[in-house]
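Structure file work.pdb (PDB, C-alpha atoms) is printed below.
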```
ATOM      1  CA  ARG A 250     105.150 128.043  98.394
ATOM      2  CA  ARG A 251     106.774 124.959  99.813
ATOM      3  CA  SER A 252     107.648 124.199 103.374
ATOM      4  CA  LYS A 253     109.432 121.172 104.719
ATOM      5  CA  PHE A 254     107.534 119.120 107.235
ATOM      6  CA  GLY A 255     110.145 116.642 108.288
ATOM      7  CA  ARG A 256     112.732 115.274 105.931
ATOM      8  CA  TRP A 257     110.453 113.310 103.622
ATOM      9  CA  VAL A 258     107.259 115.371 103.526
ATOM     10  CA  GLU A 259     106.717 118.792 101.987
ATOM     11  CA  LEU A 260     103.646 120.955 102.179
ATOM     12  CA  VAL A 261     102.990 122.006  98.598
ATOM     13  CA  ASP A 262     100.476 124.628  97.498
ATOM     14  CA  CYS A 263      97.610 123.361  95.430
ATOM     15  CA  CYS A 264      94.204 124.658  94.362
ATOM     16  CA  ASN A 265      95.703 127.944  93.120
ATOM     17  CA  GLY A 266      97.511 128.542  96.399
ATOM     18  CA  ARG A 267      94.403 128.234  98.565
ATOM     19  CA  LEU A 268      95.468 125.012 100.221
ATOM     20  CA  ALA A 269      98.746 123.386 101.241
ATOM     21  CA  MET A 270      98.734 119.607 100.900
ATOM     22  CA  PRO A 271     101.428 117.152 101.937
ATOM     23  CA  ALA A 272     103.497 115.520  99.230
ATOM     24  CA  LEU A 273     105.573 112.485 100.140
ATOM     25  CA  HIS A 274     109.064 112.160  98.723
ATOM     26  CA  PRO A 275     109.281 108.958  96.634
ATOM     27  CA  ASP A 276     112.360 107.770  98.555
ATOM     28  CA  ALA A 277     110.799 108.209 101.999
ATOM     29  CA  PRO A 278     111.494 105.202 104.251
ATOM     30  CA  ILE A 279     107.808 104.949 105.159
ATOM     31  CA  LEU A 280     106.940 104.500 101.470
ATOM     32  CA  ILE A 281     109.596 101.822 101.083
ATOM     33  CA  ALA A 282     108.097  99.994 104.064
ATOM     34  CA  TRP A 283     104.622 100.526 102.563
ATOM     35  CA  ASP A 284     105.746  98.987  99.270
ATOM     36  CA  LEU A 285     107.337  96.000 101.029
ATOM     37  CA  ALA A 286     104.102  95.399 102.932
ATOM     38  CA  GLY A 287     102.267  95.569  99.597
ATOM     39  CA  LEU A 288     104.621  93.001  98.104
ATOM     40  CA  PHE A 289     103.946  90.671 101.029
ATOM     41  CA  PHE A 290     100.177  91.154 100.671
ATOM     42  CA  ILE A 291     100.310  90.478  96.927
ATOM     43  CA  LEU A 292     102.288  87.283  97.501
ATOM     44  CA  TRP A 293      99.748  86.236 100.124
ATOM     45  CA  GLU A 294      96.906  86.811  97.665
ATOM     46  CA  VAL A 295      98.726  84.890  94.908
ATOM     47  CA  PHE A 296      98.721  81.794  97.113
ATOM     48  CA  ALA A 297      95.456  82.303  99.032
ATOM     49  CA  LEU A 298      93.125  83.246  96.182
ATOM     50  CA  PRO A 299      93.453  79.949  94.250
ATOM     51  CA  VAL A 300      92.757  78.051  97.480
ATOM     52  CA  TYR A 301      89.684  80.166  98.188
ATOM     53  CA  LEU A 302      88.378  79.667  94.650
ATOM     54  CA  ALA A 303      89.208  75.953  94.435
ATOM     55  CA  PHE A 304      87.469  75.096  97.685
ATOM     56  CA  ASP A 305      84.767  77.788  97.456
ATOM     57  CA  ALA A 306      85.874  79.087 100.820
ATOM     58  CA  SER A 307      86.900  82.404 102.219
ATOM     59  CA  PRO A 308      87.499  83.506 105.782
ATOM     60  CA  THR A 309      84.326  84.705 107.470
ATOM     61  CA  CYS A 310      85.577  85.232 111.008
ATOM     62  CA  GLY A 311      88.639  84.944 113.184
ATOM     63  CA  MET A 312      92.209  86.043 112.641
ATOM     64  CA  LEU A 313      92.295  85.116 108.964
ATOM     65  CA  PHE A 314      89.261  87.326 108.310
ATOM     66  CA  ILE A 315      90.947  90.182 110.184
ATOM     67  CA  PHE A 316      94.137  89.673 108.142
ATOM     68  CA  GLU A 317      92.196  89.650 104.850
ATOM     69  CA  SER A 318      90.365  92.809 105.957
ATOM     70  CA  LEU A 319      93.732  94.427 106.694
ATOM     71  CA  ILE A 320      94.857  93.581 103.166
ATOM     72  CA  ASN A 321      91.673  95.047 101.664
ATOM     73  CA  THR A 322      92.088  98.198 103.726
ATOM     74  CA  TYR A 323      95.751  98.475 102.699
ATOM     75  CA  PHE A 324      94.877  98.512  98.996
ATOM     76  CA  LEU A 325      92.034 101.015  99.438
ATOM     77  CA  VAL A 326      94.265 103.369 101.443
ATOM     78  CA  GLY A 327      96.958 102.892  98.791
ATOM     79  CA  ILE A 328      94.685 104.378  96.127
ATOM     80  CA  VAL A 329      94.311 107.583  98.146
ATOM     81  CA  LEU A 330      97.983 107.617  99.185
ATOM     82  CA  ASN A 331      99.145 107.556  95.580
ATOM     83  CA  PHE A 332      97.632 111.001  95.017
ATOM     84  CA  PHE A 333     100.097 112.366  97.608
ATOM     85  CA  ARG A 334     103.099 110.307  96.603
ATOM     86  CA  GLY A 335     105.763 112.109  94.633
ATOM     87  CA  TYR A 336     107.542 110.401  91.780
ATOM     88  CA  ARG A 337     110.643 110.690  89.634
ATOM     89  CA  ASN A 338     110.171 111.985  86.085
ATOM     90  CA  GLU A 339     112.053 110.953  82.932
ATOM     91  CA  ARG A 340     115.008 113.105  83.973
ATOM     92  CA  ASN A 341     115.103 111.413  87.394
ATOM     93  CA  ARG A 342     113.936 114.606  89.113
ATOM     94  CA  VAL A 343     111.557 114.374  92.040
ATOM     95  CA  VAL A 344     108.083 115.728  91.257
ATOM     96  CA  LEU A 345     106.028 116.886  94.250
ATOM     97  CA  LYS A 346     103.479 119.140  92.540
ATOM     98  CA  HIS A 347     100.005 117.690  93.108
ATOM     99  CA  SER A 348      98.636 118.355  89.641
ATOM    100  CA  GLN A 349     101.577 116.473  88.113
ATOM    101  CA  ILE A 350     101.305 113.670  90.679
ATOM    102  CA  ALA A 351      97.599 113.267  89.896
ATOM    103  CA  ASN A 352      98.152 113.307  86.119
ATOM    104  CA  ASN A 353     100.883 110.709  86.462
ATOM    105  CA  TYR A 354      98.802 108.469  88.735
ATOM    106  CA  LEU A 355      95.659 108.643  86.602
ATOM    107  CA  ARG A 356      97.335 106.266  84.138
ATOM    108  CA  PHE A 357      97.403 103.564  86.838
ATOM    109  CA  LEU A 358      94.177 104.437  88.659
ATOM    110  CA  PRO A 359      91.815 102.107  86.716
ATOM    111  CA  TRP A 360      94.094  99.139  87.436
ATOM    112  CA  ASP A 361      94.379 100.080  91.105
ATOM    113  CA  ILE A 362      90.616 100.412  91.422
ATOM    114  CA  MET A 363      89.989  97.016  89.821
ATOM    115  CA  ALA A 364      92.655  95.372  91.975
ATOM    116  CA  GLY A 365      91.818  97.318  95.119
ATOM    117  CA  ILE A 366      88.066  96.787  95.270
ATOM    118  CA  PRO A 367      87.406  94.394  98.150
ATOM    119  CA  TRP A 368      85.340  91.976  96.093
ATOM    120  CA  ASP A 369      84.723  89.670  99.041
ATOM    121  CA  TRP A 370      83.259  92.569 101.047
ATOM    122  CA  LEU A 371      81.124  93.568  98.070
ATOM    123  CA  HIS A 372      80.039  89.951  97.678
ATOM    124  CA  LYS A 373      78.882  89.797 101.304
ATOM    125  CA  VAL A 374      77.006  93.101 101.089
ATOM    126  CA  LEU A 375      75.250  92.121  97.864
ATOM    127  CA  GLN A 376      74.381  88.717  99.282
ATOM    128  CA  ALA A 377      72.890  90.343 102.383
ATOM    129  CA  CYS A 378      70.805  92.581 100.092
ATOM    130  CA  GLY A 379      69.415  89.549  98.231
ATOM    131  CA  VAL A 380      71.209  89.984  94.906
ATOM    132  CA  THR A 381      71.046  86.923  92.631
ATOM    133  CA  ASP A 382      73.712  84.228  92.727
ATOM    134  CA  GLN A 383      74.726  84.718  89.074
ATOM    135  CA  PHE A 384      75.788  88.304  89.733
ATOM    136  CA  LEU A 385      77.533  87.272  92.939
ATOM    137  CA  MET A 386      79.641  84.746  91.035
ATOM    138  CA  LEU A 387      80.861  87.548  88.753
ATOM    139  CA  THR A 388      82.113  89.515  91.753
ATOM    140  CA  ARG A 389      84.202  86.553  92.911
ATOM    141  CA  MET A 390      86.095  86.304  89.629
TER
END
```

Taking this structure as input, can you express it in the form of structure tokens?
Amino acid sequence: RRSKFGRWVELVDCCNGRLAMPALHPDAPILIAWDLAGLFFILWEVFALPVYLAFDASPTCGMLFIFESLINTYFLVGIVLNFFRGYRNERNRVVLKHSQIANNYLRFLPWDIMAGIPWDWLHKVLQACGVTDQFLMLTRM
């Protein structure tokens, strides 16, 4: 059972028909905007990260900290979003079935987790808990 919920979202049965979950069409304008925001955030990180590492500095308060937190949140939400994001298969057909979306995304999930973990947040939490400096340096790399 499928039902359209707007032009770019379909409710697709999953869990043996017990639950209808939204599936986003891969060409949805909101996903294009999402990807453009991601490109901007990646470019920001490409330039900011070397500065942070070279000068052993990272934003701890203020607008820059809020912006960096927004970026971290974006990448964490992106991991979840990708389980609802349809894709085009080899035949260029749109796939909106959740089991196929999940199987397709699982190939990229380890990379997304490694890139999406907010290491600076983890660093601050571990530091507050008294974890040794050697382990903390590993989280910054």

* Asked: Near Ala297 (chain A), counting all atoms listed in the file, which residues have an atom at most 12 Å away, once you skip same-chain residues fewer than 3 positions from it, shown as a ChimeraX atom specification?
  -> /A:290-294,300-308,313,316-317

* So, counting all atoms listed in the file, which residue among A:Leu375, A:Leu345, A:Cys310, A:Val326 is closest to Met270 (chain A)? ->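 Of A:Leu375, A:Leu345, A:Cys310, A:Val326, the one nearest Met270 (chain A), counting all atoms listed in the file, is A:Leu345.
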
* Asked: Please, which residues are within 12 Å of (104.2, 101.7, 99.8) by the file's coordinates, counting all atoms listed in the file, and could they come as a list in words?
  ->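 Within the cut-off we find Leu273, His274, Pro275, Asp276, Ala277, Pro278, Ile279, Leu280, Ile281, Ala282, Trp283, Asp284, Leu285, Ala286, Gly287, Leu288, Phe289, Phe290, Tyr323, Phe324, Val326, Gly327, Ile328, Val329, Leu330, Asn331, Phe333, Arg334 and Gly335 of chain A.
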
* To do: To one decimal in Å, tell me the separation between CA of Ile315 (chain A) and CA of Asp361 (chain A).
  => 21.8 Å

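Atom pair CA of Gln376 (chain A) / CA of Leu298 (chain A) has a distance of 19.8 Å (rounded to one decimal).
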
* To do: Take CA of Leu325 (chain A) and CA of Gly365 (chain A) and report the distance between them in Å, one decimal.
  =>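 Separation of CA of Leu325 (chain A) and CA of Gly365 (chain A): 5.7 Å.
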
* Report as an MDAnalysis selection string the full result of the PyMOL selection byres ((chain A and resi 349) around 12) when it is applied to this structure. => chainID A and resid 261 263 272 331:338 343:348 350:356

Got a moment to write region 293-369 of chain A out with C-alpha atoms, as a PDB file, in the first residue's frame?
```
ATOM      1  CA  TRP A 293      33.466  25.024   5.812  1.00  0.00           C
ATOM      2  CA  GLU A 294      35.012  22.031   7.575  1.00  0.00           C
ATOM      3  CA  VAL A 295      37.708  21.674   4.889  1.00  0.00           C
ATOM      4  CA  PHE A 296      38.927  25.182   5.700  1.00  0.00           C
ATOM      5  CA  ALA A 297      38.140  25.354   9.436  1.00  0.00           C
ATOM      6  CA  LEU A 298      39.503  21.996  10.579  1.00  0.00           C
ATOM      7  CA  PRO A 299      43.150  22.653   9.589  1.00  0.00           C
ATOM      8  CA  VAL A 300      42.984  25.996  11.409  1.00  0.00           C
ATOM      9  CA  TYR A 301      41.562  24.354  14.523  1.00  0.00           C
ATOM     10  CA  LEU A 302      44.241  21.654  14.467  1.00  0.00           C
ATOM     11  CA  ALA A 303      47.141  23.981  13.629  1.00  0.00           C
ATOM     12  CA  PHE A 304      46.359  26.409  16.426  1.00  0.00           C
ATOM     13  CA  ASP A 305      44.928  23.829  18.854  1.00  0.00           C
ATOM     14  CA  ALA A 306      41.753  25.858  19.029  1.00  0.00           C
ATOM     15  CA  SER A 307      38.101  25.185  18.565  1.00  0.00           C
ATOM     16  CA  PRO A 308      35.080  27.334  19.286  1.00  0.00           C
ATOM     17  CA  THR A 309      33.854  26.944  22.850  1.00  0.00           C
ATOM     18  CA  CYS A 310      31.164  29.610  22.956  1.00  0.00           C
ATOM     19  CA  GLY A 311      29.503  32.283  20.886  1.00  0.00           C
ATOM     20  CA  MET A 312      28.165  32.247  17.356  1.00  0.00           C
ATOM     21  CA  LEU A 313      30.964  30.106  15.954  1.00  0.00           C
ATOM     22  CA  PHE A 314      30.229  27.407  18.541  1.00  0.00           C
ATOM     23  CA  ILE A 315      26.532  27.555  17.633  1.00  0.00           C
ATOM     24  CA  PHE A 316      27.405  27.270  13.923  1.00  0.00           C
ATOM     25  CA  GLU A 317      29.704  24.281  14.547  1.00  0.00           C
ATOM     26  CA  SER A 318      26.957  22.662  16.643  1.00  0.00           C
ATOM     27  CA  LEU A 319      24.527  23.202  13.763  1.00  0.00           C
ATOM     28  CA  ILE A 320      26.952  21.422  11.444  1.00  0.00           C
ATOM     29  CA  ASN A 321      27.321  18.501  13.867  1.00  0.00           C
ATOM     30  CA  THR A 322      23.557  18.243  14.213  1.00  0.00           C
ATOM     31  CA  TYR A 323      23.128  18.372  10.425  1.00  0.00           C
ATOM     32  CA  PHE A 324      25.381  15.350   9.905  1.00  0.00           C
ATOM     33  CA  LEU A 325      23.752  13.342  12.707  1.00  0.00           C
ATOM     34  CA  VAL A 326      20.263  14.049  11.340  1.00  0.00           C
ATOM     35  CA  GLY A 327      21.563  13.148   7.874  1.00  0.00           C
ATOM     36  CA  ILE A 328      22.376   9.616   9.029  1.00  0.00           C
ATOM     37  CA  VAL A 329      18.763   9.067  10.094  1.00  0.00           C
ATOM     38  CA  LEU A 330      17.358  10.878   7.044  1.00  0.00           C
ATOM     39  CA  ASN A 331      19.195   8.576   4.661  1.00  0.00           C
ATOM     40  CA  PHE A 332      17.096   5.636   5.856  1.00  0.00           C
ATOM     41  CA  PHE A 333      14.013   7.444   4.486  1.00  0.00           C
ATOM     42  CA  ARG A 334      15.573   8.813   1.331  1.00  0.00           C
ATOM     43  CA  GLY A 335      14.679   7.030  -1.871  1.00  0.00           C
ATOM     44  CA  TYR A 336      17.269   6.462  -4.552  1.00  0.00           C
ATOM     45  CA  ARG A 337      17.584   5.591  -8.219  1.00  0.00           C
ATOM     46  CA  ASN A 338      18.663   2.038  -9.063  1.00  0.00           C
ATOM     47  CA  GLU A 339      20.862   0.868 -11.951  1.00  0.00           C
ATOM     48  CA  ARG A 340      17.922   1.192 -14.340  1.00  0.00           C
ATOM     49  CA  ASN A 341      17.314   4.781 -13.189  1.00  0.00           C
ATOM     50  CA  ARG A 342      14.052   3.786 -11.493  1.00  0.00           C
ATOM     51  CA  VAL A 343      13.094   5.410  -8.217  1.00  0.00           C
ATOM     52  CA  VAL A 344      13.207   3.007  -5.264  1.00  0.00           C
ATOM     53  CA  LEU A 345      11.036   3.932  -2.273  1.00  0.00           C
ATOM     54  CA  LYS A 346      10.758   0.563  -0.519  1.00  0.00           C
ATOM     55  CA  HIS A 347      12.340   0.858   2.931  1.00  0.00           C
ATOM     56  CA  SER A 348      14.066  -2.512   2.956  1.00  0.00           C
ATOM     57  CA  GLN A 349      15.795  -1.656  -0.331  1.00  0.00           C
ATOM     58  CA  ILE A 350      16.634   1.865   0.857  1.00  0.00           C
ATOM     59  CA  ALA A 351      18.195   0.457   4.033  1.00  0.00           C
ATOM     60  CA  ASN A 352      20.180  -2.210   2.156  1.00  0.00           C
ATOM     61  CA  ASN A 353      21.466   0.407  -0.259  1.00  0.00           C
ATOM     62  CA  TYR A 354      22.412   2.847   2.510  1.00  0.00           C
ATOM     63  CA  LEU A 355      24.157   0.251   4.672  1.00  0.00           C
ATOM     64  CA  ARG A 356      27.082   0.346   2.229  1.00  0.00           C
ATOM     65  CA  PHE A 357      27.692   4.004   3.149  1.00  0.00           C
ATOM     66  CA  LEU A 358      26.661   3.895   6.811  1.00  0.00           C
ATOM     67  CA  PRO A 359      30.125   3.181   8.322  1.00  0.00           C
ATOM     68  CA  TRP A 360      31.589   6.170   6.467  1.00  0.00           C
ATOM     69  CA  ASP A 361      28.704   8.404   7.519  1.00  0.00           C
ATOM     70  CA  ILE A 362      29.071   7.351  11.143  1.00  0.00           C
ATOM     71  CA  MET A 363      32.814   8.037  11.163  1.00  0.00           C
ATOM     72  CA  ALA A 364      32.331  11.401   9.458  1.00  0.00           C
ATOM     73  CA  GLY A 365      29.184  12.313  11.365  1.00  0.00           C
ATOM     74  CA  ILE A 366      30.330  11.662  14.921  1.00  0.00           C
ATOM     75  CA  PRO A 367      30.748  15.056  16.583  1.00  0.00           C
ATOM     76  CA  TRP A 368      34.281  14.397  17.778  1.00  0.00           C
ATOM     77  CA  ASP A 369      34.583  17.801  19.424  1.00  0.00           C
TER      78      ASP A 369
END
```
